[in-house]
Amino acid sequence: MIMEKVYEPARRVLTFGLLAILLAVIYVYSCANIQHYTAYMEADIASETLLAQVLYENGHVQPDTWYMSTGRRILSPPMLASFLYGPTGGNLNVSVGAACSIMMILLLASMLYFNRQLGLGLMESLVMAVLSFVLSSPANETQRMLFLYSSYYVGHFTCMFLVLAFYARALKEDGLYLPHVLITVPLAIVNGAQGMHASMFFYMPLLGAEILRRLVSFVTKRKNEKNSLTIWVVAISMLSLVSVKIFGDHFAGEVSRNLRHAPEKFFDIVLPFFKEVLGYGRMPWLILIFVLMAVAGYALGIKKFGEKKELWSTLTVPFGVIVVIISTTFTTAEAAPRYYLMQVFCVGIGAALLTELYKHELTLVLTALVIVYGAFSALVFNRELIINDHSAETEYAQIADWMEENGYEYGYSTFDHANTITVISNNAVKVRAVNNFTELKGARWLTDSSWYPPAKDAGGATCYVVSRPHDPEFAEFEKSGKPDIIDKMDFDSFTVYVTDRDYTVWGSD
């Protein structure tokens with residue numbers, strides 16, 4: 001062991017280095033959100049962005065006219081952005097980008113609060129935070145779910161760490177605080193109203209960890225176990241599920257068992273997506289070291305369960321990874337890299353446990369490797385998210401500029417392009433989604449029925465942005481609908497037809 005007079009100064013230096021890296025990464029993410037929001041713009045993100053304006057115009061309540069995807073956005077950047085929309089002067093992209101950055105800070109705060117309840121030191125907490133923030137690839141699903149561009153899941157995981165912090169404190173102090181109950185009960189209902197994700201990510205895994213803890217207590221004949229904690233965990237877990245059934249059951253599609261083809265689905269779909277999350281393309285040998293650190297950290301943590309009961313809370317995160325793998329393998333539910341992003345927190349927490357529980361000079365070396373990886377990642381993120389932002393030169397931007405220069409505010413395209421053009425123009429032009437160019441019916445997915453006739457006035461010049469694969473559809477519409485085309489502009493992958501009026505219809509259900 002290094003002499004204490006060397007060991008402690010080394011820890012202070014490493015702590016300062018970790019803090020500098022964390023601040024640098026937060027700065028890069030914030031700059032990407034606020035100043036380079038459209039760098040990786042695509043249809044789903046653009047749709048969530050437009051929801052912020054819809055919420056603002058409807059008094060911060062999601063209206064019935066909005067056709068959502070897999071859940072309501074309540075504890076989310078679009079909701080927060082709806083409060084920032086006015087103060088930013090109606091700047092849609094800045095308001096949503098700022099909301100993403102604010103919620104990223106809230107996520108970090110909840111992570112650090114959880115670490116405090118675990119008894120982690122500052123260096124160990126920063127190891128967890130840095131790894132959680134950098135174990136990803138630029139603009140991949142992990143970053144888009146947590147840190148960038150509408151950040152779909154940031155609200156879920158902020159709640160997760162808050163609930164785990166309350167759970168860890170209750171274990172540590174052998175008692176549940178009434179304010180924690182008063183916070184987490186409505187939180188469970190709200191999370192359920194947002195969809196199934198929170199239950200899958202942490203409520204059910206937390207319930208599993210608590211059941212296992214009580215079983216171990218029963219087997220080892222530990223006495224004086226209070227039932228109030230278990231009742232609380234069961235209550236919030238069930239409330240979340242019930243809330244899904246009441247408010248969000250219609251979000252999900254049909255899901256059935258997939259026992260026969262489970263191995264095939266695991267190796268062909270689930271495992272590749274699972275491996276994609278941690279961004280192994282960047283210094284993969286270091287990522288493998290961090291994974292091994294996490295495994296060792298959890299092993300040491302399990303050994304300490306008897307004397308540090310709060311460490312039981314850390315099992316929720318790996319249990320969450322397992323729950324998602326099982327649910328997506330043994331059912332026909334959709335699999336996607338975003339469902340496995342709990343890996344980043346799993347590795348971060350495990351590595352932090354190792355540095356906390358194994359006081360050895362080796363942990364200082366491993367911490368130094370976290371700093372090296374974090375510094376390199378910050379540089380890569382800065383290059384890919386900020387320096388290489390060429391969104392102003394894309395064909396979407398060219399179309400939006402042409403429409404604005406010619407005074408054409410309104411238009412339509414298919415879902416893959418419509419909202420993206422709108423957001424890249426920062427709402428200067430409004431291109432809405434249609435299912436196809438033959439019938440010109442509004443697409444009922446991440447859109448608002450008030451954007452279409454008859455709710456919208458059908459008068460005035462209207463642009464139809466037709467991508468090359470849809471040229472035959474628009475040609476068919478020209479024959480059957482005989483629109484009066486008053487202007488036309490060809491781009492590399494699109495043709496914009498300008499008609500004398502709006503021929504689009506919302507259509508019946």
# chains A, B, ... in the order shown; residues from 1 in each chain; ligands from 1

$ select_by_dssp --residues "region 236-447 of chain A" --states "strand (DSSP E or B)" --output "short mmCIF file (atom, residue, chain, number, x, y, z; two decimals) with N, CA and C atoms, in the first residue's frame"
data_model
loop_
_atom_site.label_atom_id
_atom_site.label_comp_id
_atom_site.auth_asym_id
_atom_site.auth_seq_id
_atom_site.Cartn_x
_atom_site.Cartn_y
_atom_site.Cartn_z
N ARG A 257 -45.75 -14.13 -26.19
CA ARG A 257 -44.56 -14.89 -25.81
C ARG A 257 -43.76 -15.29 -27.04
N THR A 331 -40.27 -12.35 -25.44
CA THR A 331 -41.54 -11.87 -25.96
C THR A 331 -41.30 -11.30 -27.35
N TYR A 410 -46.28 26.99 -45.13
CA TYR A 410 -46.89 25.70 -44.80
C TYR A 410 -46.64 24.66 -45.88
N GLY A 411 -46.50 23.40 -45.44
CA GLY A 411 -46.29 22.33 -46.40
C GLY A 411 -46.47 20.97 -45.77
N TYR A 412 -46.26 19.92 -46.59
CA TYR A 412 -46.43 18.54 -46.13
C TYR A 412 -45.36 17.66 -46.75
N SER A 413 -45.02 16.61 -46.00
CA SER A 413 -44.14 15.57 -46.52
C SER A 413 -44.46 14.30 -45.74
N THR A 414 -43.77 13.21 -46.04
CA THR A 414 -43.97 12.00 -45.25
C THR A 414 -43.28 12.16 -43.90
N LYS A 430 -43.45 25.34 -41.62
CA LYS A 430 -44.18 24.29 -40.92
C LYS A 430 -44.57 23.22 -41.92
N VAL A 431 -43.80 22.13 -41.90
CA VAL A 431 -44.06 21.00 -42.79
C VAL A 431 -44.63 19.87 -41.95
N ARG A 432 -45.82 19.43 -42.27
CA ARG A 432 -46.53 18.42 -41.49
C ARG A 432 -46.49 17.07 -42.20
N ALA A 433 -46.82 16.02 -41.47
CA ALA A 433 -46.66 14.66 -42.01
C ALA A 433 -47.96 14.13 -42.61
N VAL A 434 -47.83 13.47 -43.77
CA VAL A 434 -48.94 12.75 -44.39
C VAL A 434 -48.53 11.30 -44.58
N LYS A 441 -53.63 12.14 -46.57
CA LYS A 441 -54.26 12.14 -45.25
C LYS A 441 -53.18 12.34 -44.18
N GLY A 442 -53.52 13.09 -43.16
CA GLY A 442 -52.58 13.35 -42.07
C GLY A 442 -52.12 12.07 -41.41
N THR A 447 -48.07 13.87 -34.13
CA THR A 447 -48.55 15.04 -34.86
C THR A 447 -49.79 15.55 -34.16
#

$ residues_around --residues "region 472-480 of chain A" --least-positions-apart "6" --cutoff "8 Å" --atoms "only C-alpha atoms" --output "list in words"
Asn436, Phe437, Thr438, Glu439 and Val466 of chain A

$ residues_around --residues "region 4-11 of chain A" --least-positions-apart "5" --cutoff "9 Å" --atoms "only C-alpha atoms" --output "PDB file with C-alpha atoms, in the first residue's frame"
ATOM      1  CA  PHE A  16      -9.848  17.255  -9.371  1.00  0.00           C
ATOM      2  CA  MET A 123     -13.784  10.639  -5.910  1.00  0.00           C
ATOM      3  CA  HIS A 360      -5.548   0.016  -2.735  1.00  0.00           C
ATOM      4  CA  GLU A 361      -3.137   1.819  -5.011  1.00  0.00           C
ATOM      5  CA  LEU A 364      -5.854   4.925  -8.167  1.00  0.00           C
TER       6      LEU A 364
END

$ closest_residue --among "A:Leu131, A:Ile183, A:Ala188, A:Leu106" --to "Leu369 (chain A)" --atoms "only C-alpha atoms"
A:Leu131

$ atom_distance --atom1 "CA of Tyr452 (chain A)" --atom2 "CA of Asn419 (chain A)"
13.9 Å

$ closest_atom_pairs --of "region 401-466 of chain A" --to "region 76-100 of chain A" --cutoff "8 Å" --atoms "only C-alpha atoms" --output "Markdown table"
| residue | atom | partner | partner_atom | distance |
| --- | --- | --- | --- | --- |
| A:Val423 | CA | A:Asn93 | CA | 7.2 |
| A:Asn426 | CA | A:Asn93 | CA | 6.0 |
| A:Asn427 | CA | A:Leu92 | CA | 7.0 |

$ decode --residues "region 303-372 of chain A" --atoms "C-alpha atoms" --output "PDB file, in the first residue's frame"
ATOM      1  CA  LYS A 303     -19.967  -9.251   0.563  1.00  0.00           C
ATOM      2  CA  LYS A 304     -20.731  -6.057   2.491  1.00  0.00           C
ATOM      3  CA  PHE A 305     -24.539  -6.443   2.408  1.00  0.00           C
ATOM      4  CA  GLY A 306     -24.588  -7.626   6.024  1.00  0.00           C
ATOM      5  CA  GLU A 307     -22.841  -4.579   7.479  1.00  0.00           C
ATOM      6  CA  LYS A 308     -23.892  -1.979   4.877  1.00  0.00           C
ATOM      7  CA  LYS A 309     -27.513  -2.766   4.075  1.00  0.00           C
ATOM      8  CA  GLU A 310     -27.847   0.332   1.867  1.00  0.00           C
ATOM      9  CA  LEU A 311     -25.734  -1.463  -0.742  1.00  0.00           C
ATOM     10  CA  TRP A 312     -28.738  -3.680  -1.496  1.00  0.00           C
ATOM     11  CA  SER A 313     -30.101  -0.740  -3.481  1.00  0.00           C
ATOM     12  CA  THR A 314     -27.307  -1.091  -6.046  1.00  0.00           C
ATOM     13  CA  LEU A 315     -28.742  -4.444  -7.187  1.00  0.00           C
ATOM     14  CA  THR A 316     -31.678  -2.617  -8.766  1.00  0.00           C
ATOM     15  CA  VAL A 317     -29.532  -1.395 -11.663  1.00  0.00           C
ATOM     16  CA  PRO A 318     -28.120  -4.762 -12.862  1.00  0.00           C
ATOM     17  CA  PHE A 319     -31.535  -6.293 -12.176  1.00  0.00           C
ATOM     18  CA  GLY A 320     -32.951  -3.644 -14.529  1.00  0.00           C
ATOM     19  CA  VAL A 321     -30.563  -4.768 -17.259  1.00  0.00           C
ATOM     20  CA  ILE A 322     -31.613  -8.386 -16.720  1.00  0.00           C
ATOM     21  CA  VAL A 323     -35.346  -7.559 -16.737  1.00  0.00           C
ATOM     22  CA  VAL A 324     -35.048  -5.744 -20.071  1.00  0.00           C
ATOM     23  CA  ILE A 325     -32.990  -8.537 -21.651  1.00  0.00           C
ATOM     24  CA  ILE A 326     -35.508 -11.172 -20.565  1.00  0.00           C
ATOM     25  CA  SER A 327     -38.559  -9.145 -21.554  1.00  0.00           C
ATOM     26  CA  THR A 328     -37.227  -8.361 -25.019  1.00  0.00           C
ATOM     27  CA  THR A 329     -35.866 -11.882 -25.627  1.00  0.00           C
ATOM     28  CA  PHE A 330     -38.775 -14.016 -24.495  1.00  0.00           C
ATOM     29  CA  THR A 331     -41.544 -11.867 -25.959  1.00  0.00           C
ATOM     30  CA  THR A 332     -42.271 -10.309 -29.326  1.00  0.00           C
ATOM     31  CA  ALA A 333     -41.677  -6.845 -27.838  1.00  0.00           C
ATOM     32  CA  GLU A 334     -39.511  -4.509 -29.876  1.00  0.00           C
ATOM     33  CA  ALA A 335     -35.778  -4.550 -29.130  1.00  0.00           C
ATOM     34  CA  ALA A 336     -33.616  -1.445 -29.541  1.00  0.00           C
ATOM     35  CA  PRO A 337     -30.287  -0.234 -28.096  1.00  0.00           C
ATOM     36  CA  ARG A 338     -32.064   2.376 -25.953  1.00  0.00           C
ATOM     37  CA  TYR A 339     -33.671  -0.318 -23.810  1.00  0.00           C
ATOM     38  CA  TYR A 340     -30.284  -1.536 -22.603  1.00  0.00           C
ATOM     39  CA  LEU A 341     -28.779   1.830 -21.680  1.00  0.00           C
ATOM     40  CA  MET A 342     -28.900   0.954 -17.954  1.00  0.00           C
ATOM     41  CA  GLN A 343     -25.548  -0.656 -18.673  1.00  0.00           C
ATOM     42  CA  VAL A 344     -23.868   2.745 -18.402  1.00  0.00           C
ATOM     43  CA  PHE A 345     -25.183   3.215 -14.866  1.00  0.00           C
ATOM     44  CA  CYS A 346     -24.437  -0.407 -14.034  1.00  0.00           C
ATOM     45  CA  VAL A 347     -20.779  -0.007 -15.005  1.00  0.00           C
ATOM     46  CA  GLY A 348     -20.538   3.387 -13.317  1.00  0.00           C
ATOM     47  CA  ILE A 349     -21.953   2.198  -9.995  1.00  0.00           C
ATOM     48  CA  GLY A 350     -19.907  -1.016 -10.002  1.00  0.00           C
ATOM     49  CA  ALA A 351     -16.658   0.838 -10.717  1.00  0.00           C
ATOM     50  CA  ALA A 352     -17.457   3.334  -7.955  1.00  0.00           C
ATOM     51  CA  LEU A 353     -18.083   0.481  -5.509  1.00  0.00           C
ATOM     52  CA  LEU A 354     -14.680  -0.998  -6.337  1.00  0.00           C
ATOM     53  CA  THR A 355     -12.853   2.263  -5.698  1.00  0.00           C
ATOM     54  CA  GLU A 356     -14.805   2.763  -2.456  1.00  0.00           C
ATOM     55  CA  LEU A 357     -14.504  -0.729  -1.004  1.00  0.00           C
ATOM     56  CA  TYR A 358     -11.012  -1.660  -2.211  1.00  0.00           C
ATOM     57  CA  LYS A 359      -8.646   0.918  -0.752  1.00  0.00           C
ATOM     58  CA  HIS A 360      -5.548   0.016  -2.735  1.00  0.00           C
ATOM     59  CA  GLU A 361      -3.137   1.819  -5.011  1.00  0.00           C
ATOM     60  CA  LEU A 362      -4.553  -0.219  -7.921  1.00  0.00           C
ATOM     61  CA  THR A 363      -7.819   1.714  -7.653  1.00  0.00           C
ATOM     62  CA  LEU A 364      -5.854   4.925  -8.167  1.00  0.00           C
ATOM     63  CA  VAL A 365      -4.469   3.535 -11.424  1.00  0.00           C
ATOM     64  CA  LEU A 366      -7.933   2.481 -12.524  1.00  0.00           C
ATOM     65  CA  THR A 367      -9.306   5.910 -11.650  1.00  0.00           C
ATOM     66  CA  ALA A 368      -6.572   7.478 -13.754  1.00  0.00           C
ATOM     67  CA  LEU A 369      -7.756   5.312 -16.653  1.00  0.00           C
ATOM     68  CA  VAL A 370     -11.286   6.694 -16.170  1.00  0.00           C
ATOM     69  CA  ILE A 371      -9.823  10.199 -16.511  1.00  0.00           C
ATOM     70  CA  VAL A 372      -7.930   9.231 -19.671  1.00  0.00           C
TER      71      VAL A 372
END
